[in-house]
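Raw contents of target00.csv, CSV, C-alpha atoms:
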```csv
chain,number,residue,atom,x,y,z
A,1,MET,CA,-31.1,73.3,26.6
A,2,ILE,CA,-28.0,73.3,28.7
A,3,PRO,CA,-27.8,70.2,31.0
A,4,LYS,CA,-28.2,70.9,34.7
A,5,ILE,CA,-25.0,71.6,36.4
A,6,PRO,CA,-24.4,69.2,39.3
A,7,ALA,CA,-23.6,70.3,42.8
A,8,LEU,CA,-19.9,71.0,43.4
A,9,SER,CA,-17.5,70.4,46.2
A,10,ASN,CA,-17.0,72.8,49.1
A,11,ALA,CA,-13.5,73.8,48.0
A,12,LEU,CA,-14.7,77.4,47.6
A,13,SER,CA,-17.0,78.9,50.3
A,14,SER,CA,-17.6,82.4,48.9
A,15,MET,CA,-17.0,84.6,45.9
A,16,LYS,CA,-13.7,86.3,45.8
A,17,GLU,CA,-12.9,89.9,45.1
A,18,ILE,CA,-11.1,90.3,41.7
A,19,SER,CA,-9.1,93.1,40.1
A,20,ILE,CA,-9.2,94.6,36.6
A,21,GLY,CA,-6.1,96.7,36.7
A,22,GLU,CA,-6.6,99.0,39.7
A,23,LEU,CA,-10.3,98.4,39.8
A,24,LYS,CA,-11.5,96.3,42.7
A,25,ILE,CA,-14.7,94.3,42.1
A,26,LYS,CA,-16.0,92.9,45.4
A,27,VAL,CA,-18.5,90.5,43.9
A,28,PRO,CA,-17.2,89.1,40.5
A,29,ILE,CA,-20.5,89.6,38.7
A,30,ILE,CA,-20.9,91.9,35.7
A,31,GLN,CA,-24.6,92.8,35.1
A,32,GLY,CA,-25.1,92.4,31.4
A,33,GLY,CA,-26.0,95.4,29.2
A,34,MET,CA,-29.6,95.2,28.0
A,35,GLY,CA,-31.1,97.7,25.6
A,36,ILE,CA,-33.3,99.6,24.8
A,37,GLY,CA,-33.9,101.1,28.2
A,38,VAL,CA,-33.7,97.9,30.2
A,39,SER,CA,-30.3,98.6,31.9
A,40,LEU,CA,-29.7,102.2,32.5
A,41,SER,CA,-28.5,104.1,35.6
A,42,GLY,CA,-31.2,102.6,37.9
A,43,LEU,CA,-30.1,99.0,37.6
A,44,ALA,CA,-26.4,99.9,37.2
A,45,ILE,CA,-26.4,101.9,40.5
A,46,ALA,CA,-28.1,99.0,42.4
A,47,VAL,CA,-25.6,96.4,41.1
A,48,ALA,CA,-22.6,98.6,41.7
A,49,ASN,CA,-23.7,99.3,45.2
A,50,ALA,CA,-24.1,95.6,45.8
A,51,GLY,CA,-20.4,95.1,44.9
A,52,GLY,CA,-20.8,93.9,41.2
A,53,VAL,CA,-20.3,95.8,38.0
A,54,GLY,CA,-23.3,97.9,37.1
A,55,THR,CA,-23.7,98.2,33.3
A,56,ILE,CA,-25.5,100.9,31.2
A,57,SER,CA,-26.5,99.9,27.7
A,58,ALA,CA,-25.5,102.2,24.9
A,59,VAL,CA,-28.2,100.9,22.6
A,60,ALA,CA,-30.4,103.9,22.0
A,61,PRO,CA,-30.3,105.3,25.6
A,62,GLY,CA,-31.9,108.4,24.2
A,63,PHE,CA,-35.2,106.8,23.1
A,64,ARG,CA,-37.1,109.0,25.4
A,65,GLU,CA,-35.4,112.2,24.3
A,66,PRO,CA,-37.8,114.6,22.5
A,67,ASP,CA,-35.4,114.9,19.5
A,68,PHE,CA,-34.7,111.2,19.3
A,69,LEU,CA,-36.1,110.7,15.8
A,70,THR,CA,-34.8,114.0,14.4
A,71,ASN,CA,-31.4,114.1,16.1
A,72,PHE,CA,-30.5,110.5,16.7
A,73,ARG,CA,-26.8,111.0,17.2
A,74,GLU,CA,-26.9,113.9,19.7
A,75,ALA,CA,-29.9,112.5,21.6
A,76,ASN,CA,-28.1,109.3,22.3
A,77,MET,CA,-24.8,110.9,23.3
A,78,ARG,CA,-26.6,113.3,25.6
A,79,ALA,CA,-28.7,110.5,27.2
A,80,LEU,CA,-25.7,108.2,27.7
A,81,ALA,CA,-23.7,111.0,29.4
A,82,ASN,CA,-26.7,111.8,31.6
A,83,GLU,CA,-27.1,108.2,32.6
A,84,ILE,CA,-23.4,107.8,33.5
A,85,ARG,CA,-23.6,111.1,35.6
A,86,LYS,CA,-26.7,110.0,37.4
A,87,ALA,CA,-25.0,106.7,38.3
A,88,ARG,CA,-21.9,108.4,39.4
A,89,GLU,CA,-23.9,110.6,41.8
A,90,LYS,CA,-25.3,107.5,43.6
A,91,THR,CA,-22.6,104.9,43.7
A,92,LYS,CA,-18.9,104.6,44.3
A,93,GLY,CA,-18.9,101.2,42.8
A,94,VAL,CA,-17.7,100.0,39.4
A,95,LEU,CA,-19.7,101.1,36.4
A,96,ALA,CA,-19.6,99.9,32.8
A,97,VAL,CA,-21.1,100.8,29.4
A,98,ASN,CA,-22.0,98.0,27.0
A,99,ILE,CA,-21.6,99.2,23.4
A,100,MET,CA,-22.4,97.0,20.4
A,101,VAL,CA,-19.9,97.1,17.5
A,102,ALA,CA,-22.8,96.9,15.0
A,103,LEU,CA,-24.1,100.3,16.0
A,104,THR,CA,-23.6,103.1,13.5
A,105,ASN,CA,-23.0,105.4,16.4
A,106,PHE,CA,-20.4,103.1,18.0
A,107,ALA,CA,-17.6,105.7,17.9
A,108,ASP,CA,-19.9,108.4,19.4
A,109,MET,CA,-20.9,106.1,22.3
A,110,VAL,CA,-17.3,105.0,23.0
A,111,ARG,CA,-16.0,108.6,23.0
A,112,THR,CA,-18.9,109.7,25.2
A,113,ALA,CA,-18.3,106.9,27.7
A,114,ILE,CA,-14.6,107.6,27.9
A,115,GLN,CA,-15.2,111.4,28.3
A,116,GLU,CA,-17.5,110.6,31.2
A,117,LYS,CA,-14.7,108.5,32.7
A,118,ILE,CA,-16.6,105.2,32.8
A,119,ASP,CA,-14.7,102.4,34.5
A,120,LEU,CA,-15.3,99.8,31.8
A,121,ILE,CA,-16.4,99.6,28.2
A,122,ILE,CA,-17.7,96.1,27.3
A,123,SER,CA,-18.2,95.5,23.5
A,124,GLY,CA,-19.6,92.7,21.5
A,125,ALA,CA,-22.1,92.0,18.6
A,126,GLY,CA,-19.1,92.0,16.3
A,127,LEU,CA,-15.4,92.0,16.8
A,128,ALA,CA,-14.2,95.2,18.6
A,129,LEU,CA,-11.1,95.5,16.5
A,130,ASN,CA,-10.7,99.2,16.7
A,131,LEU,CA,-12.0,99.9,20.2
A,132,PRO,CA,-8.6,101.2,21.6
A,133,GLU,CA,-8.5,103.8,18.8
A,134,TYR,CA,-10.9,106.0,20.8
A,135,ARG,CA,-9.1,105.7,24.2
A,136,PRO,CA,-6.7,108.7,24.6
A,137,ALA,CA,-3.5,108.4,26.5
A,138,GLY,CA,-4.0,108.8,30.2
A,139,SER,CA,-7.5,107.4,30.2
A,140,LYS,CA,-8.3,104.9,32.9
A,141,THR,CA,-11.2,103.3,31.2
A,142,LYS,CA,-10.8,99.6,30.8
A,143,LEU,CA,-11.6,97.9,27.5
A,144,VAL,CA,-13.4,94.5,27.6
A,145,PRO,CA,-14.3,92.7,24.4
A,146,ILE,CA,-17.0,90.0,24.3
A,147,VAL,CA,-16.1,86.9,22.3
A,148,SER,CA,-17.6,83.5,21.6
A,149,THR,CA,-14.3,81.6,20.7
A,150,ASP,CA,-10.6,81.6,21.3
A,151,ARG,CA,-10.1,82.3,17.6
A,152,ALA,CA,-12.1,85.5,17.8
A,153,LEU,CA,-10.2,86.6,20.9
A,154,ASN,CA,-6.8,85.9,19.2
A,155,ILE,CA,-7.8,88.1,16.2
A,156,ILE,CA,-8.7,91.0,18.5
A,157,ILE,CA,-5.6,90.7,20.6
A,158,ARG,CA,-3.3,90.5,17.6
A,159,LYS,CA,-5.0,93.6,16.1
A,160,TRP,CA,-4.8,95.5,19.4
A,161,LEU,CA,-1.1,94.7,19.9
A,162,LYS,CA,-0.2,95.6,16.3
A,163,GLY,CA,-2.3,98.8,16.0
A,164,TYR,CA,-2.5,100.1,19.6
A,165,ASP,CA,0.2,98.3,21.6
A,166,CYS,CA,-2.3,97.1,24.2
A,167,LEU,CA,-4.1,94.0,25.5
A,168,PRO,CA,-7.7,93.7,26.6
A,169,ASP,CA,-8.1,94.6,30.3
A,170,ALA,CA,-10.5,91.7,30.7
A,171,VAL,CA,-12.6,89.4,28.5
A,172,VAL,CA,-16.2,88.3,28.5
A,173,LEU,CA,-16.5,84.8,27.0
A,174,GLU,CA,-20.2,84.4,25.9
A,175,SER,CA,-21.8,81.1,24.8
A,176,PRO,CA,-24.8,81.0,22.4
A,177,TYR,CA,-27.2,80.5,25.4
A,178,SER,CA,-27.3,84.2,26.3
A,179,GLY,CA,-30.2,86.6,25.7
A,180,GLY,CA,-30.2,88.9,22.7
A,181,HIS,CA,-27.6,88.7,19.9
A,182,GLN,CA,-25.4,85.7,19.6
A,183,GLY,CA,-21.8,85.8,18.3
A,184,VAL,CA,-22.3,82.7,16.1
A,185,LYS,CA,-24.3,81.9,13.0
A,186,LEU,CA,-27.9,80.7,13.3
A,187,ASP,CA,-27.0,77.1,12.5
A,188,GLU,CA,-24.1,77.1,15.1
A,189,VAL,CA,-26.2,78.1,18.1
A,190,GLY,CA,-26.7,74.6,19.4
A,191,GLN,CA,-23.2,73.2,18.6
A,192,ASP,CA,-21.1,71.9,21.4
A,193,GLU,CA,-18.0,73.6,20.1
A,194,PHE,CA,-19.3,77.0,21.3
A,195,ASN,CA,-20.2,75.8,24.8
A,196,LEU,CA,-18.4,77.4,27.7
A,197,ASP,CA,-17.0,74.0,28.8
A,198,GLN,CA,-15.3,73.7,25.4
A,199,GLN,CA,-14.2,77.3,24.9
A,200,LEU,CA,-13.1,78.4,28.4
A,201,PRO,CA,-10.0,76.1,28.6
A,202,LYS,CA,-9.0,77.3,25.1
A,203,VAL,CA,-9.4,81.0,26.0
A,204,LEU,CA,-7.5,80.6,29.3
A,205,SER,CA,-4.7,78.8,27.5
A,206,LEU,CA,-4.5,81.5,24.8
A,207,LEU,CA,-4.4,84.3,27.4
A,208,ALA,CA,-1.8,82.5,29.6
A,209,GLY,CA,0.7,83.0,26.8
A,210,TYR,CA,0.0,86.7,26.5
A,211,GLU,CA,-0.2,87.2,30.2
A,212,LYS,CA,3.3,85.7,30.7
A,213,GLN,CA,4.8,87.6,27.7
A,214,TYR,CA,3.4,91.0,28.7
A,215,ASN,CA,3.2,90.5,32.5
A,216,GLN,CA,-0.5,91.5,32.6
A,217,LYS,CA,-3.4,89.6,34.2
A,218,ILE,CA,-6.5,89.4,32.0
A,219,PRO,CA,-9.5,88.0,33.9
A,220,VAL,CA,-12.2,86.1,32.0
A,221,PHE,CA,-15.9,86.4,32.8
A,222,VAL,CA,-18.2,83.7,31.4
A,223,ALA,CA,-21.7,84.5,30.1
A,224,GLY,CA,-24.6,82.9,28.3
A,225,GLY,CA,-26.8,80.5,30.2
A,226,VAL,CA,-25.0,81.3,33.5
A,227,GLN,CA,-28.0,81.7,35.8
A,228,THR,CA,-27.1,80.6,39.3
A,229,GLY,CA,-24.2,81.0,41.8
A,230,ALA,CA,-23.5,77.3,41.3
A,231,ASP,CA,-23.1,77.9,37.6
A,232,ILE,CA,-20.6,80.7,38.4
A,233,ARG,CA,-18.7,78.5,40.9
A,234,LYS,CA,-18.4,75.7,38.3
A,235,TYR,CA,-16.5,78.0,35.9
A,236,VAL,CA,-14.5,79.7,38.6
A,237,GLU,CA,-13.2,76.3,39.5
A,238,LEU,CA,-12.3,75.9,35.9
A,239,GLY,CA,-10.3,79.2,35.9
A,240,ALA,CA,-12.8,82.0,35.2
A,241,ALA,CA,-12.7,85.1,37.3
A,242,GLY,CA,-16.5,85.5,37.5
A,243,ALA,CA,-19.6,85.9,35.3
A,244,GLN,CA,-21.7,88.3,33.3
A,245,ILE,CA,-25.4,87.8,34.0
A,246,GLY,CA,-28.2,89.7,32.2
A,247,THR,CA,-31.7,88.1,32.2
A,248,ARG,CA,-31.8,87.3,35.9
A,249,PHE,CA,-31.5,91.1,36.6
A,250,ILE,CA,-34.6,92.0,34.5
A,251,THR,CA,-37.0,90.9,37.2
A,252,THR,CA,-35.6,93.2,39.9
A,253,HIS,CA,-37.3,96.3,41.3
A,254,GLU,CA,-34.4,98.5,40.2
A,255,CYS,CA,-34.3,97.3,36.5
A,256,ASP,CA,-35.1,100.3,34.3
A,257,ALA,CA,-37.7,98.4,32.2
A,258,THR,CA,-41.4,99.0,32.6
A,259,GLN,CA,-43.5,96.7,34.9
A,260,GLU,CA,-45.3,95.3,31.8
A,261,PHE,CA,-41.9,94.3,30.4
A,262,LYS,CA,-40.9,92.6,33.7
A,263,ASN,CA,-44.2,90.8,34.0
A,264,GLU,CA,-43.7,89.2,30.6
A,265,TYR,CA,-40.8,87.2,32.1
A,266,LEU,CA,-42.9,86.0,35.0
A,267,LYS,CA,-45.4,84.5,32.5
A,268,VAL,CA,-42.8,82.3,30.9
A,269,SER,CA,-42.8,78.8,32.4
A,270,SER,CA,-40.8,76.5,30.1
A,271,PRO,CA,-37.7,76.4,27.9
A,272,GLU,CA,-40.0,76.2,24.8
A,273,ASP,CA,-41.2,79.8,25.5
A,274,ILE,CA,-37.8,81.1,24.6
A,275,VAL,CA,-36.7,80.9,20.9
A,276,VAL,CA,-34.0,82.0,18.6
A,277,ILE,CA,-34.8,84.1,15.5
A,278,GLN,CA,-32.8,85.9,12.9
A,279,SER,CA,-32.2,89.6,13.8
A,280,PRO,CA,-31.9,92.5,11.4
A,281,VAL,CA,-28.4,92.8,12.9
A,282,GLY,CA,-27.5,89.7,10.9
A,283,LEU,CA,-27.0,87.6,14.0
A,284,PRO,CA,-29.2,85.1,15.8
A,285,LEU,CA,-31.4,86.7,18.5
A,286,ARG,CA,-32.7,84.8,21.6
A,287,VAL,CA,-36.1,86.2,22.7
A,288,LEU,CA,-39.3,85.3,24.5
A,289,LYS,CA,-42.0,83.9,22.2
A,290,THR,CA,-44.3,86.9,22.2
A,291,LYS,CA,-47.1,87.4,19.8
A,292,PHE,CA,-44.8,89.6,17.7
A,293,VAL,CA,-42.1,86.9,17.6
A,294,LYS,CA,-44.6,84.2,16.7
A,295,GLU,CA,-45.7,86.3,13.7
A,296,ILE,CA,-42.1,86.8,12.7
A,297,MET,CA,-41.5,83.0,12.9
A,298,ASP,CA,-44.6,82.5,10.7
A,299,GLY,CA,-42.9,84.6,8.0
A,300,GLU,CA,-44.8,87.8,8.4
A,301,LYS,CA,-42.9,91.0,7.4
A,302,LYS,CA,-43.7,94.0,9.5
A,303,PRO,CA,-43.9,97.4,7.6
A,304,ILE,CA,-40.6,99.2,8.1
A,305,ALA,CA,-39.8,102.9,7.8
A,306,CYS,CA,-36.2,103.3,9.0
A,307,TYR,CA,-36.0,106.4,11.3
A,308,TYR,CA,-32.8,105.4,13.1
A,309,LYS,CA,-30.2,104.0,10.8
A,310,CYS,CA,-28.8,102.5,13.9
A,311,LEU,CA,-27.0,99.3,12.6
A,312,HIS,CA,-24.3,99.0,10.0
A,313,THR,CA,-25.5,95.5,9.1
A,314,CYS,CA,-29.2,96.2,8.6
A,315,ASP,CA,-30.8,96.7,5.2
A,316,TYR,CA,-34.3,97.8,6.2
A,317,HIS,CA,-35.6,97.1,2.7
A,318,LYS,CA,-35.0,93.4,3.2
A,319,VAL,CA,-35.4,92.6,6.9
A,320,GLN,CA,-38.6,91.3,8.4
A,321,PHE,CA,-38.8,93.9,11.2
A,322,CYS,CA,-37.1,96.9,12.8
A,323,ILE,CA,-35.2,95.7,15.9
A,324,ALA,CA,-35.0,99.2,17.4
A,325,GLN,CA,-38.7,99.8,17.2
A,326,ALA,CA,-39.5,96.3,18.4
A,327,LEU,CA,-37.3,96.8,21.5
A,328,ILE,CA,-38.8,100.3,22.1
A,329,ASN,CA,-42.3,98.8,21.9
A,330,ALA,CA,-41.6,96.1,24.4
A,331,GLN,CA,-39.9,98.5,26.8
A,332,SER,CA,-42.9,100.8,26.5
A,333,GLY,CA,-45.3,98.1,27.5
A,334,LEU,CA,-46.5,97.2,23.9
A,335,ILE,CA,-45.5,93.6,24.3
A,336,ASP,CA,-47.6,92.3,21.4
A,337,GLU,CA,-45.7,94.5,19.1
A,338,GLY,CA,-42.3,94.0,20.6
A,339,VAL,CA,-39.3,91.8,21.3
A,340,CYS,CA,-38.1,90.8,24.8
A,341,CYS,CA,-34.6,89.3,24.9
A,342,SER,CA,-33.9,86.4,27.2
A,343,GLY,CA,-31.2,84.0,28.0
A,344,VAL,CA,-32.0,80.3,27.7
A,345,ASN,CA,-32.8,80.1,31.4
A,346,GLY,CA,-35.1,83.1,31.5
A,347,TYR,CA,-38.1,80.9,32.3
A,348,LEU,CA,-36.7,80.5,35.8
A,349,ASN,CA,-37.3,84.2,36.6
A,350,ASN,CA,-40.4,83.7,38.8
A,351,GLU,CA,-40.4,86.6,41.1
A,352,ILE,CA,-39.5,90.3,41.3
A,353,ILE,CA,-37.0,91.1,44.0
A,354,SER,CA,-34.4,93.7,44.8
A,355,VAL,CA,-30.9,93.6,43.4
A,356,HIS,CA,-29.6,93.3,46.9
A,357,GLU,CA,-31.7,90.2,47.5
A,358,LEU,CA,-30.7,88.7,44.1
A,359,MET,CA,-27.0,89.2,44.8
A,360,GLN,CA,-27.4,87.6,48.2
A,361,LYS,CA,-29.2,84.6,46.5
A,362,ILE,CA,-26.5,84.2,43.9
A,363,GLU,CA,-23.7,84.3,46.6
A,364,GLN,CA,-25.6,81.7,48.7
A,365,GLU,CA,-26.0,79.5,45.6
A,366,TYR,CA,-22.3,79.9,45.0
A,367,SER,CA,-21.3,78.8,48.5
A,368,GLU,CA,-23.8,75.9,48.6
A,369,GLY,CA,-23.0,74.8,45.1
A,370,ALA,CA,-26.6,74.0,44.4
A,371,SER,CA,-28.5,75.1,41.2
A,372,ARG,CA,-31.8,76.9,41.6
```
Encoded form using structure tokens:
Amino acid sequence: MIPKIPALSNALSSMKEISIGELKIKVPIIQGGMGIGVSLSGLAIAVANAGGVGTISAVAPGFREPDFLTNFREANMRALANEIRKAREKTKGVLAVNIMVALTNFADMVRTAIQEKIDLIISGAGLALNLPEYRPAGSKTKLVPIVSTDRALNIIIRKWLKGYDCLPDAVVLESPYSGGHQGVKLDEVGQDEFNLDQQLPKVLSLLAGYEKQYNQKIPVFVAGGVQTGADIRKYVELGAAGAQIGTRFITTHECDATQEFKNEYLKVSSPEDIVVIQSPVGLPLRVLKTKFVKEIMDGEKKPIACYYKCLHTCDYHKVQFCIAQALINAQSGLIDEGVCCSGVNGYLNNEIISVHELMQKIEQEYSEGASR
């Protein structure tokens, strides 16, 4: 459990607009990408219209397509393109697509997002070493890797400079307190070394050298356990540009998840209701302790027939469960057969409100410097 962040001074009164290249982000909040079907165009539109970065998840966006099981690749490309187009029709704000490196259709999703002229591609669940490979000359799409350490970021930057002559346009620094997949090993999840307080100064120091050498500003957004405006303000005072927040957006009216899915978060009342298990991806996975998760923790192995072949790192003969099917089940309202990802502070989600109201609350928390 992250210690409570104390109230801060009144040196900063409100969130500041920041830039990623020519993109202007009025409220420096990136809504985290949440699959399957939790963050699609509905949530992204609302966040973008509120001044933040609205994010569509590229993890199986085609799960409702009629040919999803028989034509996995085309169904997901088609669905992602449609979600981006729907969002573009209803917002002039900044839009992103979150694409996991571990996906077998990673290249398809990146190419599709770039073809649809998405503003940002945010990529984690592995090192996004070849992400620039898919961005053609003249594309204005910004590339934003998610990292857990300065070491990981330096590996990415050196690879991008050598292979593609480019730097990241921004960076998301994510601690192991986020919802979903973590960028560290299971036994590293609770280690202080990976906390934002430890890693943010190192990442900023690393980037300062590259920024000076290449005359390019690279803003850093913190993520993982960042729940309130006061949390954001703490890290902005330490040098971050803003934050990426996922779980808190789940309990909004505009979130694309089902009502049953949202209601599950309202039932959670303590930190003990949120646990970390091993995912078929090969990474730790932070989730709500549903009936399904309890059974996994007790060592049960769920029958698996792999329809999707969605992850490079998954050997479906050996893993306990199918992460894709568990996420689809949860999103479809079959909570007892599913997985609901949550950040460490997900138990604080106690009401369903609009994105506009939530953004106002976060900005108020930021200006007051008081944790919720």
Practice problem: Tell me which protein, DNA and RNA residues are within 10 Å of stretch 144-159 of chain A, counting only C-alpha atoms, leaving out same-chain ones fewer than 5 positions away, and put them as a PyMOL selection string. | Solution: chain A and resi 20+96+98-101+120-131+164-176+182-184+193-196+198-207+210+218-224
Practice problem: Pick out the residues sitting within 10 Å of stretch 293-298 of chain A, and hand them over as a PyMOL selection string; count all atoms listed in the file, and ignore anything fewer than 4 positions along from it in its own chain. | Solution: chain A and resi 275-278+287-289+302+320-321+326+336-340
Practice problem: For atom CA of A:Ala81 and atom CA of A:Gly21, quote the distance in Å rounded to one decimal. | Solution: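 Computing the Euclidean distance for atom CA of A:Ala81 and atom CA of A:Gly21 yields 23.8 Å.
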Let me know the centre plus edge lengths, in Å and rounded to one decimal, of a box with edges along x, y and z that contains all listed atoms of stretch 348-354 of chain A and is padded by 6 Å on every side, as JSON.
```
{"center_x": -37.4, "center_y": 87.1, "center_z": 40.3, "size_x": 18.0, "size_y": 25.2, "size_z": 21.0}
```
Practice problem: Can you work out which one of A:Arg73, A:Lys86, A:Lys185, A:Arg248 has the shortest atom-to-atom distance to A:Asn105, counting only C-alpha atoms? | Solution: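 Smallest distance to A:Asn105 is found for A:Arg73.
With only C-alpha atoms as the basis for measurement, A:Ser342 is the residue among A:Thr70, A:Asp256, A:Gly93, A:Ser342 that approaches A:Thr290 most closely.
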Quiz prompt | Nearby residues (all atoms listed in the file) at most 6 Å from stretch 360-367 of chain A, same-chain spacing under 2 positions excluded, as a ChimeraX atom specification | solution = /A:13-14,228-230,233,357-358,369-370
Practice problem: State, in Å with one decimal place, the distance from atom CA of A:Thr247 to atom CA of A:Ile232. | Solution: 14.7 Å
Exercise. Identify, on the basis of only C-alpha atoms, every residue whose closest approach to A:Glu264 does not exceed 12 Å; exclude the query and any residue fewer than 5 positions from it along the same chain; express the result as a PyMOL selection string.
Key: chain A and resi 250-251+257-259+269+273-274+287-291+330-331+333-336+338-342+346-347+349-352
Quiz prompt | Gap from atom CA of A:Arg64 to atom CA of A:Met109 - Å, one decimal | solution = 16.7 Å
Quiz item: Which is closer to A:Glu17 than all the others in A:Leu238, A:Ile29, A:Ala46, A:Val281, using all atoms listed in the file?
Solution: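 Ranked by minimum distance to A:Glu17, first place goes to A:Ile29.
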Provide stretch 260-283 of chain A rebuilt to N, CA and C atoms, formatted as a PDB file, in the coordinates of the input.
```
ATOM      1  N   GLU A 260     -44.728  96.219  32.853  1.00  0.00           N
ATOM      2  CA  GLU A 260     -45.300  95.300  31.800  1.00  0.00           C
ATOM      3  C   GLU A 260     -44.215  94.430  31.237  1.00  0.00           C
ATOM      4  N   PHE A 261     -43.066  95.011  30.990  1.00  0.00           N
ATOM      5  CA  PHE A 261     -41.900  94.300  30.400  1.00  0.00           C
ATOM      6  C   PHE A 261     -41.475  93.191  31.398  1.00  0.00           C
ATOM      7  N   LYS A 262     -41.304  93.542  32.661  1.00  0.00           N
ATOM      8  CA  LYS A 262     -40.900  92.600  33.700  1.00  0.00           C
ATOM      9  C   LYS A 262     -41.880  91.449  33.833  1.00  0.00           C
ATOM     10  N   ASN A 263     -43.167  91.826  33.834  1.00  0.00           N
ATOM     11  CA  ASN A 263     -44.200  90.800  34.000  1.00  0.00           C
ATOM     12  C   ASN A 263     -44.209  89.749  32.944  1.00  0.00           C
ATOM     13  N   GLU A 264     -43.739  90.112  31.741  1.00  0.00           N
ATOM     14  CA  GLU A 264     -43.700  89.200  30.600  1.00  0.00           C
ATOM     15  C   GLU A 264     -42.813  87.971  30.969  1.00  0.00           C
ATOM     16  N   TYR A 265     -41.753  88.220  31.721  1.00  0.00           N
ATOM     17  CA  TYR A 265     -40.800  87.200  32.100  1.00  0.00           C
ATOM     18  C   TYR A 265     -41.425  86.236  33.150  1.00  0.00           C
ATOM     19  N   LEU A 266     -42.301  86.790  33.976  1.00  0.00           N
ATOM     20  CA  LEU A 266     -42.900  86.000  35.000  1.00  0.00           C
ATOM     21  C   LEU A 266     -43.965  85.022  34.387  1.00  0.00           C
ATOM     22  N   LYS A 267     -44.437  85.333  33.182  1.00  0.00           N
ATOM     23  CA  LYS A 267     -45.400  84.500  32.500  1.00  0.00           C
ATOM     24  C   LYS A 267     -44.745  83.261  31.840  1.00  0.00           C
ATOM     25  N   VAL A 268     -43.459  83.357  31.600  1.00  0.00           N
ATOM     26  CA  VAL A 268     -42.800  82.300  30.900  1.00  0.00           C
ATOM     27  C   VAL A 268     -42.501  81.124  31.836  1.00  0.00           C
ATOM     28  N   SER A 269     -42.896  79.919  31.432  1.00  0.00           N
ATOM     29  CA  SER A 269     -42.800  78.800  32.400  1.00  0.00           C
ATOM     30  C   SER A 269     -42.003  77.604  31.868  1.00  0.00           C
ATOM     31  N   SER A 270     -41.532  77.640  30.615  1.00  0.00           N
ATOM     32  CA  SER A 270     -40.800  76.500  30.100  1.00  0.00           C
ATOM     33  C   SER A 270     -39.726  76.944  29.103  1.00  0.00           C
ATOM     34  N   PRO A 271     -38.711  76.093  28.858  1.00  0.00           N
ATOM     35  CA  PRO A 271     -37.700  76.400  27.900  1.00  0.00           C
ATOM     36  C   PRO A 271     -38.251  76.688  26.478  1.00  0.00           C
ATOM     37  N   GLU A 272     -39.395  76.068  26.153  1.00  0.00           N
ATOM     38  CA  GLU A 272     -40.000  76.200  24.800  1.00  0.00           C
ATOM     39  C   GLU A 272     -40.553  77.623  24.599  1.00  0.00           C
ATOM     40  N   ASP A 273     -40.706  78.392  25.668  1.00  0.00           N
ATOM     41  CA  ASP A 273     -41.200  79.800  25.500  1.00  0.00           C
ATOM     42  C   ASP A 273     -40.117  80.749  25.155  1.00  0.00           C
ATOM     43  N   ILE A 274     -38.899  80.245  24.979  1.00  0.00           N
ATOM     44  CA  ILE A 274     -37.800  81.100  24.600  1.00  0.00           C
ATOM     45  C   ILE A 274     -37.186  80.518  23.294  1.00  0.00           C
ATOM     46  N   VAL A 275     -37.063  81.359  22.273  1.00  0.00           N
ATOM     47  CA  VAL A 275     -36.700  80.900  20.900  1.00  0.00           C
ATOM     48  C   VAL A 275     -35.575  81.757  20.355  1.00  0.00           C
ATOM     49  N   VAL A 276     -35.000  81.264  19.272  1.00  0.00           N
ATOM     50  CA  VAL A 276     -34.000  82.000  18.600  1.00  0.00           C
ATOM     51  C   VAL A 276     -34.491  82.346  17.160  1.00  0.00           C
ATOM     52  N   ILE A 277     -34.430  83.630  16.805  1.00  0.00           N
ATOM     53  CA  ILE A 277     -34.800  84.100  15.500  1.00  0.00           C
ATOM     54  C   ILE A 277     -33.673  84.838  14.850  1.00  0.00           C
ATOM     55  N   GLN A 278     -33.810  85.169  13.569  1.00  0.00           N
ATOM     56  CA  GLN A 278     -32.800  85.900  12.900  1.00  0.00           C
ATOM     57  C   GLN A 278     -33.046  87.424  13.098  1.00  0.00           C
ATOM     58  N   SER A 279     -32.051  88.140  13.572  1.00  0.00           N
ATOM     59  CA  SER A 279     -32.200  89.600  13.800  1.00  0.00           C
ATOM     60  C   SER A 279     -31.774  90.390  12.598  1.00  0.00           C
ATOM     61  N   PRO A 280     -32.336  91.586  12.443  1.00  0.00           N
ATOM     62  CA  PRO A 280     -31.900  92.500  11.400  1.00  0.00           C
ATOM     63  C   PRO A 280     -30.380  92.836  11.502  1.00  0.00           C
ATOM     64  N   VAL A 281     -29.804  92.606  12.689  1.00  0.00           N
ATOM     65  CA  VAL A 281     -28.400  92.800  12.900  1.00  0.00           C
ATOM     66  C   VAL A 281     -27.560  91.859  11.999  1.00  0.00           C
ATOM     67  N   GLY A 282     -28.187  90.721  11.651  1.00  0.00           N
ATOM     68  CA  GLY A 282     -27.500  89.700  10.900  1.00  0.00           C
ATOM     69  C   GLY A 282     -26.998  88.563  11.776  1.00  0.00           C
ATOM     70  N   LEU A 283     -27.398  88.589  13.044  1.00  0.00           N
ATOM     71  CA  LEU A 283     -27.000  87.600  14.000  1.00  0.00           C
ATOM     72  C   LEU A 283     -28.248  86.900  14.593  1.00  0.00           C
TER      73      LEU A 283
END
```
